[in-house]
Structure formats: C-alpha cells, structure tokens
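Below: start_15.cif (mmCIF, C-alpha atoms)
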```cif
data_model
#
loop_
_atom_site.label_atom_id
_atom_site.label_comp_id
_atom_site.auth_asym_id
_atom_site.auth_seq_id
_atom_site.Cartn_x
_atom_site.Cartn_y
_atom_site.Cartn_z
CA MET A 1 78.39 22.15 23.34
CA ASN A 2 76.96 18.71 23.21
CA LYS A 3 74.60 19.67 25.92
CA ASP A 4 73.38 22.59 23.89
CA LYS A 5 72.96 20.33 20.88
CA ASP A 6 70.91 17.80 22.83
CA VAL A 7 68.76 20.53 24.25
CA PHE A 8 68.40 22.04 20.81
CA GLU A 9 67.40 18.67 19.26
CA GLU A 10 64.88 18.11 21.98
CA LYS A 11 63.43 21.53 21.41
CA GLN A 12 63.52 21.23 17.64
CA ASN A 13 61.59 17.91 17.44
CA PRO A 14 58.35 18.33 19.34
CA PHE A 15 57.01 15.03 17.94
CA LYS A 16 59.85 12.93 19.26
CA GLU A 17 57.89 12.07 22.38
CA ASN A 18 54.83 11.15 20.30
CA ILE A 19 56.93 8.94 18.05
CA GLU A 20 58.41 7.13 21.04
CA GLU A 21 54.98 6.82 22.62
CA ASN A 22 53.61 5.44 19.35
CA LYS A 23 56.49 2.94 19.13
CA GLU A 24 55.86 1.84 22.71
CA ALA A 25 52.13 1.55 22.01
CA GLU A 26 52.84 -0.45 18.84
CA ASN A 27 55.23 -2.73 20.74
CA GLU A 28 52.66 -3.23 23.50
CA GLU A 29 49.98 -3.93 20.90
CA LYS A 30 52.24 -6.49 19.16
CA VAL A 31 52.98 -8.16 22.49
CA GLU A 32 49.26 -8.26 23.31
CA GLN A 33 48.49 -9.71 19.87
CA GLN A 34 51.22 -12.32 20.32
CA GLU A 35 49.88 -13.17 23.78
CA GLU A 36 46.32 -13.42 22.41
CA SER A 37 47.57 -15.53 19.50
CA LEU A 38 49.48 -17.75 21.92
CA GLU A 39 46.42 -18.04 24.20
CA GLU A 40 44.22 -18.95 21.21
CA LYS A 41 46.76 -21.52 20.05
CA LEU A 42 47.02 -23.04 23.53
CA GLN A 43 43.23 -23.05 23.91
CA LYS A 44 42.90 -24.76 20.52
CA GLU A 45 45.48 -27.42 21.51
CA LYS A 46 43.74 -27.90 24.85
CA ASP A 47 40.37 -28.34 23.10
CA GLU A 48 41.88 -30.84 20.63
CA LEU A 49 43.49 -32.85 23.42
CA ASN A 50 40.29 -32.76 25.44
CA ASN A 51 38.31 -34.04 22.43
CA LYS A 52 40.86 -36.81 21.88
CA TYR A 53 40.62 -37.75 25.54
CA LEU A 54 36.81 -37.84 25.41
CA ARG A 55 36.85 -40.01 22.26
CA LEU A 56 39.42 -42.33 23.82
CA ALA A 57 37.40 -42.60 27.03
CA ALA A 58 34.25 -43.36 25.01
CA ASP A 59 36.11 -45.97 22.91
CA PHE A 60 37.43 -47.63 26.05
CA ASP A 61 33.98 -47.62 27.64
CA ASN A 62 32.53 -49.24 24.50
CA TYR A 63 35.36 -51.81 24.52
CA ARG A 64 34.67 -52.63 28.17
CA LYS A 65 30.95 -53.07 27.47
CA ARG A 66 31.68 -55.30 24.44
CA GLN A 67 34.04 -57.44 26.49
CA ALA A 68 31.48 -57.80 29.29
CA LEU A 69 28.82 -58.84 26.76
CA GLU A 70 31.15 -61.35 25.11
CA ARG A 71 32.12 -62.78 28.50
CA GLU A 72 28.45 -63.07 29.47
CA ASN A 73 27.61 -64.78 26.17
CA LEU A 74 30.54 -67.15 26.60
CA LEU A 75 29.41 -68.11 30.08
CA GLN A 76 25.80 -68.43 28.99
CA TYR A 77 26.29 -70.24 25.68
CA GLY A 78 29.86 -71.61 25.89
CA ALA A 79 28.71 -75.14 26.59
CA GLY A 80 26.41 -75.10 23.56
CA GLU A 81 28.86 -76.78 21.21
CA THR A 82 29.66 -79.51 23.72
CA LEU A 83 26.00 -80.10 24.49
CA THR A 84 25.21 -80.31 20.79
CA LYS A 85 27.76 -83.11 20.47
CA LEU A 86 26.37 -84.86 23.56
CA ILE A 87 22.81 -84.80 22.13
CA ASP A 88 23.91 -87.38 19.56
CA VAL A 89 25.14 -89.59 22.39
CA LEU A 90 21.82 -89.12 24.20
CA ASP A 91 20.02 -90.22 21.03
CA THR A 92 22.16 -93.37 20.92
CA PHE A 93 21.36 -94.20 24.57
CA GLU A 94 17.64 -93.70 23.87
CA ARG A 95 17.81 -95.99 20.84
CA ALA A 96 19.68 -98.56 22.93
CA GLU A 97 17.00 -98.28 25.61
CA GLU A 98 14.30 -98.96 23.01
CA SER A 99 16.17 -101.95 21.61
CA VAL A 100 16.60 -103.42 25.09
CA GLU A 101 12.83 -103.45 25.59
CA LYS A 102 12.35 -105.53 22.43
CA PHE A 103 15.03 -108.14 23.14
CA ASP A 104 15.56 -110.58 25.92
CA ASP A 105 19.03 -111.43 24.58
CA CYS A 106 21.84 -110.07 26.80
CA LYS A 107 24.22 -110.04 23.85
CA THR A 108 22.12 -107.43 22.03
CA VAL A 109 21.92 -105.30 25.18
CA LYS A 110 25.68 -105.52 25.62
CA GLU A 111 26.30 -104.54 22.00
CA SER A 112 23.94 -101.55 22.30
CA TYR A 113 25.67 -100.50 25.48
CA ASN A 114 29.13 -100.82 23.92
CA VAL A 115 28.10 -98.70 20.90
CA ALA A 116 26.66 -96.00 23.17
CA ILE A 117 29.61 -95.89 25.55
CA LYS A 118 32.13 -95.79 22.66
CA GLN A 119 30.29 -92.91 21.04
CA PHE A 120 30.13 -91.10 24.38
CA LYS A 121 33.87 -91.52 25.01
CA ASP A 122 34.71 -90.43 21.44
CA THR A 123 32.58 -87.31 21.84
CA LEU A 124 34.25 -86.39 25.11
CA THR A 125 37.67 -86.90 23.50
CA LYS A 126 36.68 -84.62 20.59
CA CYS A 127 35.70 -81.98 23.17
CA GLY A 128 39.22 -82.16 24.59
CA LEU A 129 38.72 -84.47 27.57
CA GLU A 130 41.72 -86.69 28.34
CA LYS A 131 42.17 -89.49 30.85
CA ILE A 132 44.98 -89.01 33.34
CA ASP A 133 47.36 -91.92 32.94
CA THR A 134 48.11 -93.79 36.18
CA LYS A 135 49.44 -97.17 35.05
CA ASN A 136 53.02 -97.64 36.36
CA GLN A 137 53.26 -93.88 36.97
CA LYS A 138 54.91 -92.10 39.88
CA PHE A 139 52.45 -90.39 42.19
CA ASP A 140 52.03 -86.70 41.26
CA PRO A 141 49.78 -84.63 43.55
CA ASN A 142 49.00 -82.33 40.61
CA PHE A 143 47.19 -85.19 38.84
CA HIS A 144 46.54 -87.84 41.48
CA GLU A 145 44.77 -88.03 44.82
CA ALA A 146 46.20 -90.72 47.10
CA VAL A 147 43.39 -92.44 49.00
CA SER A 148 45.45 -95.33 50.31
CA GLN A 149 48.97 -96.64 50.67
CA THR A 150 49.83 -100.26 50.04
CA PRO A 151 52.98 -101.77 51.56
CA THR A 152 54.89 -103.70 48.88
CA ASN A 153 58.40 -104.34 47.66
CA ASP A 154 57.26 -105.40 44.16
CA VAL A 155 57.38 -101.84 42.78
CA GLU A 156 59.32 -98.70 43.63
CA GLU A 157 58.01 -96.61 46.50
CA GLY A 158 55.71 -93.79 45.33
CA THR A 159 54.48 -95.75 42.31
CA ILE A 160 50.74 -95.95 41.67
CA ILE A 161 49.60 -99.57 42.01
CA ALA A 162 45.83 -99.19 41.72
CA GLU A 163 43.31 -96.66 40.40
CA MET A 164 40.03 -96.34 42.29
CA ARG A 165 38.54 -93.58 40.13
CA THR A 166 39.69 -92.31 36.75
CA GLY A 167 40.89 -88.71 36.59
CA TYR A 168 40.36 -86.36 33.66
CA LYS A 169 41.91 -83.20 32.32
CA LEU A 170 40.97 -80.66 29.67
CA LYS A 171 44.16 -79.85 27.78
CA ASP A 172 46.56 -78.95 30.64
CA ARG A 173 43.89 -78.29 33.31
CA VAL A 174 42.91 -81.06 35.71
CA LEU A 175 39.13 -81.40 35.92
CA ARG A 176 39.20 -84.28 38.37
CA PRO A 177 42.29 -85.95 39.84
CA SER A 178 42.66 -89.73 39.72
CA MET A 179 42.01 -91.47 43.03
CA VAL A 180 44.88 -93.92 43.48
CA SER A 181 46.64 -96.27 45.84
CA VAL A 182 50.36 -95.64 46.18
CA ALA A 183 53.07 -98.18 46.96
CA VAL A 184 55.11 -97.77 50.15
CA SER A 185 57.98 -99.97 51.24
CA GLU A 186 57.25 -102.85 53.58
CA GLU A 187 58.85 -102.56 56.98
#
```
With the file now loaded, output its structure as structure tokens.
Amino acid sequence: MNKDKDVFEEKQNPFKENIEENKEAENEEKVEQQEESLEEKLQKEKDELNNKYLRLAADFDNYRKRQALERENLLQYGAGETLTKLIDVLDTFERAEESVEKFDDCKTVKESYNVAIKQFKDTLTKCGLEKIDTKNQKFDPNFHEAVSQTPTNDVEEGTIIAEMRTGYKLKDRVLRPSMVSVAVSEE
C-alpha cells in the first residue's frame, strides 16, 4: 500500500521534479555567489597586501637613499667642525709668525710659540683627542707599541720606562699608539 501511495504522490505532483530542480539550481547559484564573494574578498585582501608591500618597499628604498646621502655628507663634511676650530689655531700661528719677524728677542718668540701651542692642544682636547698615558704604566699592546726593551731591575718587568712618541686616542679608539721602551729584567 505504501508503494501505491508513493506512486500516487509521484503521479499527483507533476511539479515535484521542477521544484527539486529549482532548489538545486538555487543552491548551486548560492554556492556560486558565495564562491564569487569569497574570490572578490580574497582578491581585495591580496590587492591591499600588495599595496602595503609596495608602499613598504618604497619607504625602505627612500630610507636607504637617505642613509646613503647622510653617510656621504658625513664623510664629505664631517671634519668641518674640527677644521673650523683649527682655523683659529692657524690664525694664532700666523700672528706669531708676523710677530717673530718684528722682534729679535727670543723671549717674545718663545711666548708666541707657547700661546700657539697651548691653543692648539686645547682645541684638539675639545675635539676629543686624548694623550695615552705611559708614565709608570704597564705595557699594553692595545695602547702602546714597544720599540725597544731596556734591561733594568729598578722597575717591574713590563713597565714602560721611556716614551719615544706620544700616542693619542679619540674617546675609546686608538688613533696612534705610543712608541715606548719597556723594562725587562737584567740577567
């Protein structure tokens, strides 16, 4: 009897197939719309990320160019401040040279020289130049260059006993090591 009923229902509703086909078509259309919507959304996100990447790459390229220009300017004009300070010292030497021509007195020449050399040393100190201390110091190859060894028992072995050339550093960087003579034990 159920079979007859199913057959009867199928025969009674001729639009049942159309309704199911319409539902399937609607479902397929919804899926297609969702897929298209998802594709559009993904494409939009991709475009946004691509634009961000391009802006970031351009910003980095501009940063790199700015840094290169600043580095070039620093190399080209970095000594400007130091040279400006040294110009004053040059002026003092020139004035001393002029005063030497007018006087035959050695005392005046010596005074002019002392003023010029003091100003020069002060200027170098203001620029950050420091003498490397060697008096009664232990030899340190980071700051000193041993040019001779002197046998003696008066001081401890490895102690600097004479400086042949003054060494200088700029803050913590050695510009020129001190040339020194180092004590060794007599044997």
Can you list, as a PyMOL selection string, the residues that the PyMOL selection byres ((chain A and resi 144) around 9) selects here?
chain A and resi 132+134+139-143+145-146+167+176-180
For range 106-127 of chain A against range 82-97 of chain A, with a cut-off of 6 Å and counting all atoms listed in the file, what is the closest atom pair and its distance in Å to one decimal for every residue that makes the cut, ordered by chain and number, as CSV?
```
residue,atom,partner,partner_atom,distance
A:Ser112,CA,A:Ala96,CA,5.2
A:Ala116,CA,A:Thr92,CA,5.7
A:Phe120,CA,A:Val89,CA,5.6
```
Distance of CA of Glu130 in chain A from CA of Asp172 in chain A, expressed in Å to one decimal place:
9.4 Å
Result set of the PyMOL selection byres ((chain A and resi 151) around 8) on the coordinates above, as a ChimeraX atom specification:
/A:149-150,152-153,183-186
Assuming 4 Å of padding per side, give the centre and edge lengths of the axis-aligned box around every listed atom of range 116-127 of chain A, in Å to one decimal and as AutoDock Vina command-line options.
```
--center_x 32.2 --center_y -89.0 --center_z 23.1 --size_x 19.0 --size_y 22.0 --size_z 13.0
```
Between A:Ser181, A:Asn73, A:Thr108, A:Asn62, single out the one closest to Met164 in chain A, counting all atoms listed in the file.
A:Ser181
CA of Lys171 in chain A to CA of Lys118 in chain A: how many Å, to one decimal?
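Atom-to-atom, CA of Lys171 in chain A and CA of Lys118 in chain A are spaced 20.6 Å apart.
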What's around Val182 in chain A at 6 Å? Count all atoms listed in the file, leave out sequence neighbours fewer than 3 positions away in its own chain, and write the answer as a list in words.
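Once the adjacent positions are removed, what remains is Gln149, Gly158, Thr159, Ile160 and Ile161 of chain A.
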Work out how far apart CA of Asp104 in chain A and CA of Lys121 in chain A are and give it in Å to one decimal.
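Interatomic distance, CA of Asp104 in chain A to CA of Lys121 in chain A: 26.4 Å.
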Please supply range 33-51 of chain A, rebuilt with N, CA and C atoms, as a PDB file, in the coordinates of the input.
```
ATOM      1  N   GLN A  33      48.955  -8.851  20.959  1.00  0.00           N
ATOM      2  CA  GLN A  33      48.490  -9.710  19.870  1.00  0.00           C
ATOM      3  C   GLN A  33      49.180 -11.076  19.920  1.00  0.00           C
ATOM      4  N   GLN A  34      50.488 -11.062  20.213  1.00  0.00           N
ATOM      5  CA  GLN A  34      51.220 -12.320  20.320  1.00  0.00           C
ATOM      6  C   GLN A  34      50.696 -13.152  21.492  1.00  0.00           C
ATOM      7  N   GLU A  35      50.420 -12.472  22.614  1.00  0.00           N
ATOM      8  CA  GLU A  35      49.880 -13.170  23.780  1.00  0.00           C
ATOM      9  C   GLU A  35      48.508 -13.747  23.459  1.00  0.00           C
ATOM     10  N   GLU A  36      47.655 -12.932  22.789  1.00  0.00           N
ATOM     11  CA  GLU A  36      46.320 -13.420  22.410  1.00  0.00           C
ATOM     12  C   GLU A  36      46.439 -14.583  21.437  1.00  0.00           C
ATOM     13  N   SER A  37      47.363 -14.467  20.478  1.00  0.00           N
ATOM     14  CA  SER A  37      47.570 -15.530  19.500  1.00  0.00           C
ATOM     15  C   SER A  37      48.044 -16.810  20.209  1.00  0.00           C
ATOM     16  N   LEU A  38      48.975 -16.616  21.160  1.00  0.00           N
ATOM     17  CA  LEU A  38      49.480 -17.750  21.920  1.00  0.00           C
ATOM     18  C   LEU A  38      48.370 -18.365  22.767  1.00  0.00           C
ATOM     19  N   GLU A  39      47.545 -17.552  23.397  1.00  0.00           N
ATOM     20  CA  GLU A  39      46.420 -18.040  24.200  1.00  0.00           C
ATOM     21  C   GLU A  39      45.441 -18.816  23.321  1.00  0.00           C
ATOM     22  N   GLU A  40      45.136 -18.267  22.136  1.00  0.00           N
ATOM     23  CA  GLU A  40      44.220 -18.950  21.210  1.00  0.00           C
ATOM     24  C   GLU A  40      44.801 -20.296  20.778  1.00  0.00           C
ATOM     25  N   LYS A  41      46.093 -20.297  20.481  1.00  0.00           N
ATOM     26  CA  LYS A  41      46.760 -21.520  20.050  1.00  0.00           C
ATOM     27  C   LYS A  41      46.724 -22.559  21.176  1.00  0.00           C
ATOM     28  N   LEU A  42      47.053 -22.128  22.389  1.00  0.00           N
ATOM     29  CA  LEU A  42      47.020 -23.040  23.530  1.00  0.00           C
ATOM     30  C   LEU A  42      45.616 -23.550  23.803  1.00  0.00           C
ATOM     31  N   GLN A  43      44.624 -22.649  23.700  1.00  0.00           N
ATOM     32  CA  GLN A  43      43.230 -23.050  23.910  1.00  0.00           C
ATOM     33  C   GLN A  43      42.801 -24.077  22.855  1.00  0.00           C
ATOM     34  N   LYS A  44      43.232 -23.842  21.615  1.00  0.00           N
ATOM     35  CA  LYS A  44      42.900 -24.760  20.520  1.00  0.00           C
ATOM     36  C   LYS A  44      43.526 -26.139  20.785  1.00  0.00           C
ATOM     37  N   GLU A  45      44.814 -26.157  21.193  1.00  0.00           N
ATOM     38  CA  GLU A  45      45.480 -27.420  21.510  1.00  0.00           C
ATOM     39  C   GLU A  45      44.802 -28.120  22.672  1.00  0.00           C
ATOM     40  N   LYS A  46      44.428 -27.328  23.679  1.00  0.00           N
ATOM     41  CA  LYS A  46      43.740 -27.900  24.850  1.00  0.00           C
ATOM     42  C   LYS A  46      42.413 -28.525  24.418  1.00  0.00           C
ATOM     43  N   ASP A  47      41.656 -27.809  23.578  1.00  0.00           N
ATOM     44  CA  ASP A  47      40.370 -28.340  23.100  1.00  0.00           C
ATOM     45  C   ASP A  47      40.568 -29.619  22.290  1.00  0.00           C
ATOM     46  N   GLU A  48      41.602 -29.637  21.431  1.00  0.00           N
ATOM     47  CA  GLU A  48      41.880 -30.840  20.630  1.00  0.00           C
ATOM     48  C   GLU A  48      42.238 -32.019  21.526  1.00  0.00           C
ATOM     49  N   LEU A  49      43.097 -31.778  22.497  1.00  0.00           N
ATOM     50  CA  LEU A  49      43.490 -32.850  23.420  1.00  0.00           C
ATOM     51  C   LEU A  49      42.298 -33.320  24.248  1.00  0.00           C
ATOM     52  N   ASN A  50      41.478 -32.399  24.671  1.00  0.00           N
ATOM     53  CA  ASN A  50      40.290 -32.760  25.440  1.00  0.00           C
ATOM     54  C   ASN A  50      39.343 -33.617  24.597  1.00  0.00           C
ATOM     55  N   ASN A  51      39.156 -33.243  23.333  1.00  0.00           N
ATOM     56  CA  ASN A  51      38.310 -34.040  22.430  1.00  0.00           C
ATOM     57  C   ASN A  51      38.892 -35.429  22.215  1.00  0.00           C
TER      58      ASN A  51
END
```
